[in-house]
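Chemist: I have a structure I would like to understand better, so I am pasting it below and will then ask my questions one at a time.
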Amino acid sequence: MDNGLTRVLRQLGAQFNSRIWRLGFASRFFLAMLLHSGTSLRRLHLTIREIYFTGVLSLIIILVSGLFVGMVLGLQGYDTLARYGSTEALGVLVALSLVRELGPVVAALLFASRAGSAITAEIGMMKATEQLSAMEMMAVDPIARVVAPRFWGGVISMPLLAALFSAMGVFGGYLIGVQLIGVDEGSFWAQMQASVDFRQDVLNGVIKSFVFGIIVSWVAVFEGYDAVPTAEGVSGATTRTVVTSSLAILAADFILTAFMFTGT
Amino acid sequence: MSRTTLDLWVGFFVAVGLGALLFLALKVGNLASTSSGETYPIYAKFDNIGGLKVRGAVKSAGVVVGRVTEIRFDPEAYLGVVTIQVDARYKFPRDTFATINTSGLLGEQYIGLEVGGDTAMLKGGDTIKKTQSAVVLEKLISQFMFNKAAEDDGGKK
């Protein structure tokens, strides 16, 4: 009965079952968090404090990365467009690729590694040092007091950071394309404005970054809350936050793009 | 960190973020140029719409006066039917001539409205009678080559 094959199958089944169970737990956790969000909105300074830690402190990395991504797009885009003699379309290329894809996705990946990991580590350490249990002892709900504000702080920060990333990137593309290479400034902006639609491109980018904000914040607070309360467990949870949320961002981006940017 | 400094920083962050969104909407996107005002629909039937796309521009005298909002196929007349939303500020005569043009050699295609002399104006839901289809480059080239061949034959006789 207990030969090699059944053991392998049993291990596979156990792995699969535990994954499914964890997904279900994460979903119930998400619902509980939404139900206990009232406190984080009523006591707004809790959420504002988290916006400071996740949003304001991520500003530098987002702005600098956005600027450099835009400048690289300017250089590479010019190189390719020059072969077709249509370098005036550089503005369109830079703006569309940033607003639709790179802005939301790269900003969310940076956000996951900069802010998501910090949230997980913080909540995990609170659990390891039994601060969460202490709160429960004092009849303070840790989900309402600790988890929900961090979640909403991340959800609010993410679209703003993505917009800043895109704006900085367009500025970087302008610096390289117009100021350094010498593409005509008028056609750079005019073609960009003619081709970038507010509803179709800008608004869809904002929706994307909002969804990514929910994903990253959810994964981060869940991994922290679910962490094994040891130093090793917290480090493992932090790693899982970055890996899981990055993969989830890319998968969600594919699905959202398939729905948003086809058929027209 | 005291709460007022925290509020200040968060306020700064939110303001800068919203500013970036505004920049994307107005300077990068076309929110400034798309009038949010009233529009009225006009239909135009074409033998061939070429590469015209929904959201394509509708221009008169080179100025954008509307947008293409729908393109469908008329299965009875075998024509492409294009719905245009024209800015309500602009009225066009009944005998306006609609052509499909290309901006530049490889640019996007747009509908050009050439104004006629009729005193009656197009109303919402009207169909433009006179249209000219998109120019298909392959057809032009083959026509040119056939003509050239015919000329050469004539020269030999």
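Residues are named by chain letter and number: chains run A, B, ... in the order of the structure tokens, numbers start at 1 in each chain, and ligands are numbered from 1 in the order shown.
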Return the neighbours of chain B among the residues of chain A, cut-off 8 Å, counting only C-alpha atoms, as a list in words.
Modeler: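 The complete set of qualifying residues is Ile48, Arg49, Ile51, Tyr52, Gly55, Val56, Ala95, Leu160, Leu161, Ala163, Leu164, Ser166, Ala167, Trp189, Met192, Gln193, Ala194, Ser195, Val196, Asp197, Phe198, Val202 and Thr264 of chain A.
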Chemist: Looking only at helix (DSSP H, G or I) from DSSP on the backbone, list the matching residues of chain B as a ChimeraX atom specification.
Modeler: /B:3-28,137-156
Chemist: Report, in Å to a single decimal, how far apart CA of Thr96 (chain B) and CA of Asp118 (chain B) are.
Modeler: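 Spanning CA of Asp118 (chain B) to CA of Thr96 (chain B) is a straight-line distance of 8.2 Å.
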Chemist: Mind checking DSSP for region 29-144 of chain B and telling me the strand (DSSP E or B) residues as a ChimeraX atom specification?
Modeler: /B:39-46,57-60,63-74,79-87,93,97-102,109-114,121,127-128,130-132
Chemist: Suppose we keep C-alpha atoms; can you now write the selection as a PDB file, in the first residue's frame?
Modeler:
```pdb
ATOM      1  CA  THR B  39     -22.937  66.341 -30.046  1.00  0.00           C
ATOM      2  CA  TYR B  40     -25.327  65.130 -32.716  1.00  0.00           C
ATOM      3  CA  PRO B  41     -25.040  61.941 -34.793  1.00  0.00           C
ATOM      4  CA  ILE B  42     -24.623  61.890 -38.570  1.00  0.00           C
ATOM      5  CA  TYR B  43     -24.327  58.792 -40.732  1.00  0.00           C
ATOM      6  CA  ALA B  44     -22.184  58.352 -43.815  1.00  0.00           C
ATOM      7  CA  LYS B  45     -22.060  55.327 -46.117  1.00  0.00           C
ATOM      8  CA  PHE B  46     -18.812  54.414 -47.852  1.00  0.00           C
ATOM      9  CA  ALA B  57     -11.062  62.220 -36.042  1.00  0.00           C
ATOM     10  CA  VAL B  58     -13.612  64.069 -38.184  1.00  0.00           C
ATOM     11  CA  LYS B  59     -12.110  67.229 -39.609  1.00  0.00           C
ATOM     12  CA  SER B  60     -13.400  70.141 -41.594  1.00  0.00           C
ATOM     13  CA  VAL B  63      -9.988  71.365 -37.620  1.00  0.00           C
ATOM     14  CA  VAL B  64     -11.350  68.493 -35.541  1.00  0.00           C
ATOM     15  CA  VAL B  65     -15.138  68.901 -35.382  1.00  0.00           C
ATOM     16  CA  GLY B  66     -16.172  65.410 -34.273  1.00  0.00           C
ATOM     17  CA  ARG B  67     -15.317  61.759 -33.718  1.00  0.00           C
ATOM     18  CA  VAL B  68     -16.161  58.463 -35.354  1.00  0.00           C
ATOM     19  CA  THR B  69     -18.175  56.545 -32.773  1.00  0.00           C
ATOM     20  CA  GLU B  70     -19.340  53.447 -34.619  1.00  0.00           C
ATOM     21  CA  ILE B  71     -18.487  51.522 -37.769  1.00  0.00           C
ATOM     22  CA  ARG B  72     -20.740  48.743 -39.011  1.00  0.00           C
ATOM     23  CA  PHE B  73     -21.609  46.911 -42.206  1.00  0.00           C
ATOM     24  CA  ASP B  74     -24.912  47.409 -43.996  1.00  0.00           C
ATOM     25  CA  LEU B  79     -21.713  49.434 -47.652  1.00  0.00           C
ATOM     26  CA  GLY B  80     -19.771  50.455 -44.595  1.00  0.00           C
ATOM     27  CA  VAL B  81     -21.881  52.706 -42.351  1.00  0.00           C
ATOM     28  CA  VAL B  82     -19.942  55.142 -40.185  1.00  0.00           C
ATOM     29  CA  THR B  83     -21.589  56.988 -37.304  1.00  0.00           C
ATOM     30  CA  ILE B  84     -20.074  60.397 -36.609  1.00  0.00           C
ATOM     31  CA  GLN B  85     -20.705  62.492 -33.514  1.00  0.00           C
ATOM     32  CA  VAL B  86     -20.351  66.121 -34.567  1.00  0.00           C
ATOM     33  CA  ASP B  87     -19.884  68.926 -32.072  1.00  0.00           C
ATOM     34  CA  PRO B  93     -25.005  72.098 -45.075  1.00  0.00           C
ATOM     35  CA  PHE B  97     -19.152  65.939 -48.967  1.00  0.00           C
ATOM     36  CA  ALA B  98     -17.482  63.295 -46.743  1.00  0.00           C
ATOM     37  CA  THR B  99     -14.128  61.826 -47.751  1.00  0.00           C
ATOM     38  CA  ILE B 100     -11.779  59.425 -46.039  1.00  0.00           C
ATOM     39  CA  ASN B 101      -8.314  60.923 -45.974  1.00  0.00           C
ATOM     40  CA  THR B 102      -4.954  59.853 -44.630  1.00  0.00           C
ATOM     41  CA  GLN B 109      -7.142  57.842 -41.477  1.00  0.00           C
ATOM     42  CA  TYR B 110      -9.750  60.454 -40.738  1.00  0.00           C
ATOM     43  CA  ILE B 111     -13.001  61.715 -42.255  1.00  0.00           C
ATOM     44  CA  GLY B 112     -12.840  65.070 -43.969  1.00  0.00           C
ATOM     45  CA  LEU B 113     -16.017  67.122 -44.370  1.00  0.00           C
ATOM     46  CA  GLU B 114     -16.049  69.414 -47.387  1.00  0.00           C
ATOM     47  CA  MET B 121     -28.374  72.210 -42.528  1.00  0.00           C
ATOM     48  CA  THR B 127     -27.137  60.615 -43.658  1.00  0.00           C
ATOM     49  CA  ILE B 128     -24.536  62.300 -45.818  1.00  0.00           C
ATOM     50  CA  LYS B 130     -22.086  62.268 -51.172  1.00  0.00           C
ATOM     51  CA  THR B 131     -19.076  60.336 -49.981  1.00  0.00           C
ATOM     52  CA  GLN B 132     -15.716  59.337 -51.328  1.00  0.00           C
TER      53      GLN B 132
END
```
Chemist: May I ask which of the residues A:Leu256, A:Val211, A:Leu250, A:Ile176 is the closest one to Asp79 (chain A), counting only C-alpha atoms?
Modeler: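 Selected residue with least distance to Asp79 (chain A): A:Ile176.
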Chemist: Tell me which of A:Ile249, A:Ala237, A:Leu67, A:Leu9 sits closest to Met125 (chain A), counting only C-alpha atoms.
Modeler: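 Counting only C-alpha atoms, the residue closest to Met125 (chain A) is A:Ala237.
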Chemist: What gap, in Å, lies between CA of Phe144 (chain B) and CA of Asp47 (chain B)?
Modeler: 21.0 Å
Chemist: From the list A:Leu57, A:Ala26, A:Met158, A:Leu132, which residue is nearest Ala112 (chain A) when using only C-alpha atoms?
Modeler: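 Residue with the minimum atom-to-atom distance to Ala112 (chain A): A:Met158.
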Chemist: Need to verify the contact set: Pro149 (chain A), 8 Å, only C-alpha atoms, exclusion of same-chain residues closer than 3 positions in sequence. Can you return it as number ranges by chain?
Modeler: A: 37, 40, 46-47, 50, 144-146, 152-153
Chemist: Grab the CA of Leu247 (chain A) to CA of Gly233 (chain A) distance for me, in Å with one decimal place.
Modeler: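 Spanning CA of Leu247 (chain A) to CA of Gly233 (chain A) is a straight-line distance of 20.9 Å.
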Chemist: Mind dumping a table of every region 103-194 of chain A residue within 6 Å of region 61-66 of chain A, with the nearest atom pair and its distance in Å to one decimal, using only C-alpha atoms, sorted by chain and rising number, as a tab-separated table?
Modeler:
```
residue	atom	partner	partner_atom	distance
A:Phe165	CA	A:Gly66	CA	4.6
A:Met168	CA	A:Gly66	CA	5.3
A:Gly169	CA	A:Gly66	CA	4.7
```
Chemist: Extract, using only C-alpha atoms, all DNA, RNA and protein residues at most 7 Å from Leu122 (chain B), discarding same-chain residues fewer than 3 positions from it, and format them as a PyMOL selection string.
Modeler: chain B and resi 91-94+126
Chemist: Kindly save the residues from that selection, with C-alpha atoms included, as a PDB file, in the first residue's frame.
Modeler:
```
ATOM      1  CA  LYS B  91     -23.660  73.005 -38.391  1.00  0.00           C
ATOM      2  CA  PHE B  92     -22.975  71.683 -41.868  1.00  0.00           C
ATOM      3  CA  PRO B  93     -25.005  72.098 -45.075  1.00  0.00           C
ATOM      4  CA  ARG B  94     -27.086  69.190 -46.389  1.00  0.00           C
ATOM      5  CA  ASP B 126     -29.242  62.527 -41.157  1.00  0.00           C
TER       6      ASP B 126
END
```
Chemist: Pick out the residues sitting within 7 Å of Gly116 (chain A), and hand them over as a tab-separated table (two decimals) with C-alpha atoms, in the first residue's frame; count only C-alpha atoms, and ignore anything fewer than 6 positions along from it in its own chain.
Modeler:
```tsv
chain	number	residue	atom	x	y	z
A	216	VAL	CA	-0.36	44.17	-3.38
A	217	SER	CA	-1.92	45.47	-0.18
A	220	ALA	CA	1.10	42.06	2.04
A	241	THR	CA	4.83	38.83	-0.33
```
